[in-house]
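A.B. asks: Let me give you the structure first, and then I'll get to my questions.
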Amino acid sequence: MKHTWILRTAALLAPLCLGAQNLQEFEKRVTEFTLANGLHFIVLQRPEAPVVSVLTRVDVGGANDPAGRTGLAHMFEHMAFKGTDTLGTTNWAAEKKTLAEIEALYDKIDVEKNKGPRGSKETLESLQKEVKAAIEKANSYVDKEAYSRLISLNGGVGMNASTSGEATTYFYSLPSNRLELWFLLTSQVFKNPIMREFYKERDVVREERRMRAESNPQGKMVQLLLQTTFLSHPQRNIIGWASDIENLRANAAEEFFRKYYVPSNMVMVIAGDVDPKEAKRLADQYFSSLPAGPAPPRVITEEGKQEGERRAVIDTESQPMLFVTYKRPNAFHPDDAPLAVLAGSLASGRTGVIYKELVEQKKLALFATADANFIGEKFPGAFLMYSVPGVGKTVEENEKALQEIIERVKKEKIDEAVIRRVKTQIRAGLIRGLDSNMGMAMRLAENYQLFGDWRKLFTKIDEVEKVSADDLMRVAKTYLVDSGRTVVHSHAPKKEDSK
Amino acid sequence: MRSAILTLFTAAIVSAQAPAPAPAARKAAPAPKPAAASRSYKTLKYPPMRELKFPEIASFTLPNGMKVFLLENHELPLVRGSARIRTGNIFEPAQKVGLTSIFGEVMRTGGTKSKTGDQLNELLEGIAASVESDVGETSGTLSFNTLKEHTGTVLDVFKDVLVAPEFRQDKIDIAKTQMRGIIARRNDQAGGIASREFDRLLYGPTTPWGRIVEHETIQSVNRQDLLDWHKRYYFPANVMLAIQGDFSTAEMRAKIEKLFAGWDAKQAPVPPLPAVSHSQKPGIFLAEKSEVNQSNFRIGHLGGKLNDKDYPALEVMADILGANGFSSRLMKKIRSDLGLAYGVSANWNANYDHVGTFTISGSTKSESTVDALKAIYGEVERIRSTEVTDQELQEAKESTLNSFVFNFDSPSKTLSRIVNYEYHGYPKDFIFQYQKAIAAVTKADVMRVAKEYIKPENFVTVVVGKSADFGTPLSSLNMPVSKIDLTIPEPKTATAKADAASLQKGKQLLQKLQAAVGGADKLTAVKDYMHVAQVKVLAMQGGGLQVTQTTKIIAPMIRFEQQLPFGKIVIYYDGKGSGFMIGPQGQAPLPAPAVKQANEELFRLYPTLWMSDRDPNRTVNAVSNDAVEITDKNGNYVRVTLDASGLPAKVNYKAADNSGNEVEAIYSDFKEAGGIKLPHVIKVSQGGKPAADITVTEYKLNSGLKPEELGQK
């Protein structure tokens with residue numbers, strides 16, 4: 001027996017050493033530097049193929065949207081690929097003048113609209129006609145999608161951006177010999193962003209909201225879940241209210257940019273076939289003239305204490321779904337690692353408790369899982385569980401089954417073998433992630449920006465390793481409590497079957 | 001599909017084809033200029049592209065016929081592999097569509113001869129490894145992924161799953177349940193509906209390329225089907241195995257040779273794929289979805305294959321029209337100019353082995369549906385009638401050629417491309433041919449292929465949306481508009497064909513049954529009915545539960561009382577569509593599914609069911625010498641099997657939970673009550689598994705039940 005034990009332990013320890021080795025090996029390939037203006041760069045060398053992934057992460061997101069202008073962070077994100085004063089325009093001087101005219105007209109429109117019922121309908125109509133004409137005029141100077149065409153022409157792929165509650169990220173990949181193009185364009189955009197086609201893009205963003213949050217039953221539910229779980233914290237609304245989006249203004253987006261897109265609030269990562277010395281030279285050349293700015297204001301509003309279960313329901317002809325959240329602290333809290341292991345024990349793979357019970361044994365769900373971080377890491381958030389009930393099974397049955405699991409993990413220790421498995425998987429996941437330039441760029445940027453050090457990506461594993469069965473029971477008892485629970489579900493179709 | 005195309009590119013050519021500014025030496029960039037206009041990107045000079053390293057792939061064939069490809073990659077301590085099996089859902093029998101989905105899932109979850117699926121889960125997840133199986137349209141895969149130090153363990157599992165899957169019944173049941181859930185949910189996402197219906201229309205809903213899985217087609221899939229499928233397709237000469245990662249080729253080769261030495265299954269070669277041969281009448285097809293404020297659309301027709309002569313020119317054409325992200329004409333027009341969509345794209349989706357589709361897809365707010373469609377049709381017409389500009393041609397070609405290198409940014413892409421070519425019988429240098437062809441495409445080519453291959457008069461346009469909000473109706477587009485019925489067919493029970501003879505025989509059999517149980521007169525004389533039963537629940541969810549049930553009926557009124565360990569449940573149905581439920585937690589109106597179930601119970605009520613031959617709304621049809629099917633216009637269905645004396649020995653019907661399962665009740669211990677022979681022991685199973693044992697302790701017929709008694713709260 002003893003012999004077996006030693007063998008097993010040896011096998012289990014192997015990946016652990018591997019993780020430590022990896023950090024050492026990995027560190028050799030990472031170069032960091034900060035420019036005088038506060039802009040931080042992380043360079044990861046992966047010379048295997050002549051390609052490079054580039055990424056900018058800005059420490060600003062939907063949670064920073066001003067009141068009445070929700071969706072602004074996301075709207076600015078859309079403007080960042082609209083070009084520069086030399087790219088995307090056929091006549092910048094004329095275009096600039098027209099853009100200013102559009103703003104002046106919208107100022108007048110706002111004045112008229114602000115009068116409410118006392119405003120003049122005729123004045124409003126004529127102003128709207130004028131602004132429409134001005135937009136068309138500005139449009140006539142635009143070289144459509146010049147930025148993305150240029151990147152594409154140079155062999156760039158995967159160009160995109162994303163906005164979450166806590167961050168805005170811009171990224172694409174290039175053949176490595178074209179890296180300077182990214183430096184040039186990115187520096188120009190962040191030195192002088194141009195609100196080109198703002199009001200057309202506003203319609204696009206409105207359409208994006210329809211697609212993600214209004215015409216998609218799942219998206220609709222996630223919106224409601226956010227807005228029921230969080231009553232005051234602004235991460236409750238990342239995409240923005242429809243009416244706010246429809247009234248966003250270019251001048252507000254510019255103001256937002258000036259406040260939050262200061263060098264010290266951004267990190268840039270270059271991962272792939274890159275010479276760090278060359279990267280440093282180009283960074284100095286293109287970004288040192290980016291003016292420093294005061295640190296942006298933090299998000300002030302905090303989520304108040306939840307004092308009882310909250311429930312919300314959506315009527316839909318779609319098949320039912322169930323979401324349950326429990327309030328938890330942010331990722332800087334020492335309980336972050338135990339909560340991650342707890343979620344893993346409940347949800348990972350086919351051995352996770354939730355899958356085994358709800359899907360396999362009780363056959364209540366098509367799919368059911370848990371996630372430790374809803375909906376980010378920076379702000380206090382929630383521990384999420386959700387379930388997709390099977391045919392003829394109700395959300396009530398599913399909720400009850402999830403509840404039983406929660407109550408059990410508060411009373412009984414989770415099996416050591418299960419915890420060991422989850423830890424091994426978290427470590428292996430790290431190693432597998434090293435395979436992708438863009439994946440690594442994202443993780444390095446995120447860990448740097450949240451924790452002040454990209455190494456947290458690796459040292460997190462040590463914290464995970466220390467988690468015990470007692471810790472899991474303790475965090476379950478602390479956080480998975482009725483008073484912190486929010487339940488959101490949709491109603492089964494009113495028709496009696498699945499037509 | 002785009003990715004299938006991208007994987008066709010290679011690299012050596014990239015440096016040769018690098019666009020104009022490519023000076024040999026890297027020049028120091030000029031110092032940043034102060035203020036004024038920004039420096040133009042046009043002043044940038046790029047160093048030449050670094051030479052690409054091609055990974056070395058070792059390939060060989062084992063004595064049993066299995067082809068193997070090995071690629072060393074020492075960057076990370078990982079080993080990954082994938083077996084490609086020549087099979088596919090295209091070969092499924094029409095009445096068992098969905099078989100391969102269940103097969104793919106249960107091949108892994110159902111375990112092997114030596115280990116159950118759960119044991120495999122524990123073993124693999126404990127070492128953070130995976131072995132997964134899948135069957136797609138025209139091939140199957142079994143893949144693995146492991147940390148280097150567990151390679152031996154994982155390869156053993158991989159081989160075991162490939163060679164000896166056990167397809168245990170419990171996992172088949174789970175997979176079928178999952179599948180039913182997926183079918184039931186298939187109309188939840190508008191985008192999913194649009195893609196599915198578009199493909200069905202283009203390929204033909206009854207052809208192997210266009211048909212979809214239904215409740216009915218998975219119902220009959222059983223373990224033997226899965227075993228047969230494995231036997232037919234999973235034999236060494238039908239498998240290509242590709243492995244890459246942190247190993248030495250010589251050692252891995254020795255390992256593989258040893259591992260598969262004893263596998264010598266043989267089968268006839270897999271036949272070629274059926275041809276695509278559907279011609280859909282063009283027009284607009286509307287699927288109503290009342291909960292959306294945005295329309296999802298697909299526009300197009302059948303397309304071609306990857307090795308068609310004009311494929312490269314079609315690719316360039318599609319890039320300019322709508323495949324090249326934000327830069328395409330459709331995005332510029334529909335998104336940037338009109339602000340009508342978040343995304344819109346056009347793709348020439350060619351396949352390796354069968355005709356693909358030309359598809360324009362996107363979404364727009366309900367009110368602008370017709371405007372968006374018109375604008376799209378306009379762009380299609382423009383690319384067919386006017387040459388593209390030099391700039392557009394150059395941008396489309398160069399973006400393809402300059403991004404070539406991304407097909408070589410990881411060794412695994414090269415490996416899977418090589419295996420793809422081999423699997424589909426494409427030349428090894430296909431990618432080079434393609435690259436050359438792209439470079440040679442002219443403006444005239446683009447217009448020629450647009451004219452020759454894109455046929456707006458053949459367009460099928462699928463719109464999923466809320467037509468009441470369209471503003472301008474679809475009919476204004478001057479094309480025929482048809483509606484798509486999204487109703488999900490319920491599992492049909494295999495009702496036998498009826499003709500005069502079988503109907504006549506059915507009547508005779510039922511009359512034989514009437515006589516055996518006590519005669520038609522006694523049966524028609526039943527005015528009220530009651531029984532008390534002890535029910536032992538055997539199904540997993542309430543396993544071992546003992547319940548006392550009392551049922552009282554004055555047709556069509558039902559009262560049903562159930563004594564459970566935690567309290568009593570009363571269900572009352574008034575026979576007119578409503579009723580109530582009373583339980584330990586209080587009282588509630590009878591929900592719709594319970595009303596449906598009550599009506600089904602009434603249909604099957606013992607005395608009246610046997611008199612179905614006198615009910616004009618019911619059909620009685622013999623399906624064999626001792627079995628009768630009784631159906632009505634509401635979709636109710638019962639099949640009764642008579643014993644030699646004419647008594648009902650077995651009754652089959654559809655489960656009320658819409659699971660598609662059949663319920664089977666075996667009747668025995670007949671005793672007389674009120675002049676009628678009634679079964680006192682009933683064994684019920686559902687979906688082939690025991691569900692309940694029922695012992696009836698008391699029957700009372702015509703005991704003078706009062707309606708108010710039934711409705712008592």
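Letters for chains follow the order of the structure tokens (A, B, ...), residue numbers begin at 1 for each chain, and ligand numbers begin at 1 in the order shown.
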Please extract the residues of region 213-338 of chain A with a backbone DSSP assignment of strand (DSSP E) and present them as an NGL selection string.
C.D. replies: :A and (266-272 or 310-314 or 322-328)
A.B. asks: Quick one: residues within 12 Å of Pro205 (chain B), only C-alpha atoms counted, chain neighbours fewer than 3 positions away excluded, as a compact mmCIF listing (two decimals) with C-alpha atoms, in the first residue's frame?
C.D. replies:
```txt
# COMPACT_ATOMS: atom_id res chain seq x y z
CA ALA B 94 -32.84 8.21 -43.09
CA ARG B 196 -30.48 25.58 -40.39
CA GLU B 197 -33.48 26.39 -42.57
CA PHE B 198 -31.29 27.90 -45.28
CA ASP B 199 -29.21 24.72 -45.52
CA ARG B 200 -32.29 22.51 -45.45
CA LEU B 201 -33.85 24.41 -48.31
CA LEU B 202 -30.71 24.42 -50.43
CA PRO B 208 -28.55 13.16 -46.67
CA TRP B 209 -27.05 16.65 -46.98
CA GLY B 210 -30.15 18.53 -45.86
CA ARG B 211 -32.08 16.42 -43.40
CA ILE B 212 -32.01 17.12 -39.69
CA VAL B 213 -32.44 15.12 -36.54
CA GLU B 214 -35.98 14.73 -35.18
CA VAL B 276 -25.70 16.87 -53.91
CA SER B 277 -28.65 16.98 -56.25
CA HIS B 278 -31.31 19.31 -55.00
CA SER B 279 -32.80 22.24 -56.82
CA GLN B 280 -34.77 24.55 -54.60
```
A.B. asks: What are the residues of chain B lining chain A at 7 Å or less? Count only C-alpha atoms, and put the answer as a VMD selection string.
C.D. replies: chain B and resid 31 to 32 37 to 38 40 to 41 46 to 50 121 to 122 125 to 128 174 178 180 to 181 184 to 185 188 to 189 291 to 294 326 to 327 332 335 to 336 339 to 342 364 to 365 395 398 to 400 402 to 403 405 409 487 to 488 541 592 to 593 657 to 659
A.B. asks: Could you list, as a count of residues only, every residue within 8 Å of Val154 (chain B), counting only C-alpha atoms and ignoring same-chain residues fewer than 2 positions away?
C.D. replies: 12
A.B. asks: Counting only C-alpha atoms, which residue out of A:Arg298, A:Lys305, A:Arg249, A:Lys280 sits closest to Gly71 (chain A)?
C.D. replies: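 Looking only at the distances to Gly71 (chain A), the closest residue turns out to be A:Arg249.
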A.B. asks: At what distance in Å, to one decimal, does CA of Phe297 (chain B) lie from CA of Val370 (chain B)?
C.D. replies: 10.6 Å
A.B. asks: I'd like the neighbourhood of Val58 (chain A) as a ChimeraX atom specification, where a residue qualifies if any of its atoms comes within 6 Å (using only C-alpha atoms), though same-chain residues fewer than 6 positions away should be ignored.
C.D. replies: /A:167-168,265-266
A.B. asks: Taking C-alpha atoms for each residue, export the selection above as a short mmCIF file (atom, residue, chain, number, x, y, z; two decimals), in the first residue's frame.
C.D. replies:
```cif
data_model
loop_
_atom_site.label_atom_id
_atom_site.label_comp_id
_atom_site.auth_asym_id
_atom_site.auth_seq_id
_atom_site.Cartn_x
_atom_site.Cartn_y
_atom_site.Cartn_z
CA ALA A 167 -11.44 46.73 -19.21
CA THR A 168 -11.29 47.64 -22.89
CA ASN A 265 -3.89 53.54 -17.43
CA MET A 266 -2.88 51.34 -20.39
#
```
A.B. asks: Enter the distance from CA of Phe323 (chain A) to CA of Gly381 (chain A), in Å, rounded to one decimal.
C.D. replies: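 These atoms are spaced 14.6 Å apart.
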A.B. asks: What's around region 452-461 of chain B at 9 Å? Count only C-alpha atoms, leave out sequence neighbours fewer than 3 positions away in its own chain, and write the answer as a short mmCIF file (atom, residue, chain, number, x, y, z; two decimals) with N, CA and C atoms, in the first residue's frame.
C.D. replies:
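See around25.cif below for the written result:
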```
data_model
loop_
_atom_site.label_atom_id
_atom_site.label_comp_id
_atom_site.auth_asym_id
_atom_site.auth_seq_id
_atom_site.Cartn_x
_atom_site.Cartn_y
_atom_site.Cartn_z
N PHE B 198 -31.93 27.58 -44.01
CA PHE B 198 -31.29 27.90 -45.28
C PHE B 198 -30.64 26.65 -45.87
N LEU B 201 -33.22 24.07 -47.04
CA LEU B 201 -33.85 24.41 -48.31
C LEU B 201 -32.90 24.14 -49.47
N LEU B 202 -31.64 24.56 -49.32
CA LEU B 202 -30.71 24.42 -50.43
C LEU B 202 -30.38 22.97 -50.73
N GLN B 280 -33.73 23.88 -55.37
CA GLN B 280 -34.77 24.55 -54.60
C GLN B 280 -35.37 25.67 -55.44
N LYS B 281 -36.70 25.77 -55.40
CA LYS B 281 -37.34 26.89 -56.07
C LYS B 281 -36.98 28.18 -55.34
N PRO B 282 -36.54 29.20 -56.09
CA PRO B 282 -36.11 30.43 -55.41
C PRO B 282 -37.26 31.17 -54.75
N GLY B 283 -36.95 32.13 -53.92
CA GLY B 283 -37.98 32.95 -53.29
C GLY B 283 -37.56 33.35 -51.88
N ILE B 284 -38.53 33.97 -51.20
CA ILE B 284 -38.28 34.40 -49.83
C ILE B 284 -39.00 33.45 -48.88
N PHE B 285 -38.32 33.04 -47.85
CA PHE B 285 -38.89 32.08 -46.91
C PHE B 285 -38.85 32.71 -45.52
N LEU B 286 -40.01 32.88 -44.95
CA LEU B 286 -40.12 33.59 -43.69
C LEU B 286 -40.42 32.64 -42.53
N PHE B 297 -31.06 37.04 -41.46
CA PHE B 297 -31.31 36.59 -42.82
C PHE B 297 -30.14 35.80 -43.40
N ARG B 298 -30.46 34.94 -44.35
CA ARG B 298 -29.47 34.22 -45.15
C ARG B 298 -29.96 34.31 -46.60
N ILE B 299 -29.02 34.63 -47.49
CA ILE B 299 -29.38 34.76 -48.90
C ILE B 299 -28.36 33.95 -49.69
N GLY B 300 -28.81 33.18 -50.69
CA GLY B 300 -27.82 32.50 -51.52
C GLY B 300 -28.36 31.29 -52.24
N HIS B 301 -27.43 30.48 -52.68
CA HIS B 301 -27.77 29.23 -53.38
C HIS B 301 -26.60 28.27 -53.27
N GLY B 303 -23.22 26.23 -54.09
CA GLY B 303 -21.97 26.76 -54.64
C GLY B 303 -21.11 25.68 -55.25
N LEU B 314 -13.39 33.00 -57.28
CA LEU B 314 -14.61 33.16 -56.47
C LEU B 314 -14.26 33.64 -55.07
N PHE B 358 -23.15 29.42 -51.56
CA PHE B 358 -22.85 30.84 -51.54
C PHE B 358 -23.84 31.46 -50.56
N LEU B 373 -32.23 44.04 -47.13
CA LEU B 373 -32.22 43.05 -48.22
C LEU B 373 -32.03 43.74 -49.57
N TYR B 377 -29.09 43.02 -52.24
CA TYR B 377 -29.33 42.61 -53.64
C TYR B 377 -28.63 43.59 -54.58
N VAL B 380 -24.96 42.85 -54.80
CA VAL B 380 -24.73 41.63 -55.59
C VAL B 380 -24.80 42.00 -57.07
N GLU B 381 -25.79 42.80 -57.43
CA GLU B 381 -25.95 43.18 -58.83
C GLU B 381 -24.73 43.98 -59.30
N ARG B 384 -21.73 41.94 -60.14
CA ARG B 384 -21.95 41.12 -61.35
C ARG B 384 -21.87 41.95 -62.62
N MET B 447 -15.36 39.61 -62.34
CA MET B 447 -16.69 39.87 -62.89
C MET B 447 -17.25 38.63 -63.59
N ARG B 448 -16.37 37.92 -64.30
CA ARG B 448 -16.83 36.71 -64.99
C ARG B 448 -17.39 35.68 -64.00
N VAL B 449 -16.64 35.40 -62.93
CA VAL B 449 -17.16 34.38 -62.00
C VAL B 449 -18.40 34.89 -61.25
#
```
A.B. asks: Measuring between only C-alpha atoms, which one of A:Met75, A:Asp471, A:Met438, A:Gln45 shows the shortest distance to Asp244 (chain A)?
C.D. replies: A:Met75
A.B. asks: For Arg168 (chain B), work out the shell of residues within 10 Å, counting only C-alpha atoms and skipping chain neighbours fewer than 3 positions away, then give it as a PyMOL selection string.
C.D. replies: chain B and resi 106-107+109-113+116-117+165+171-173+223
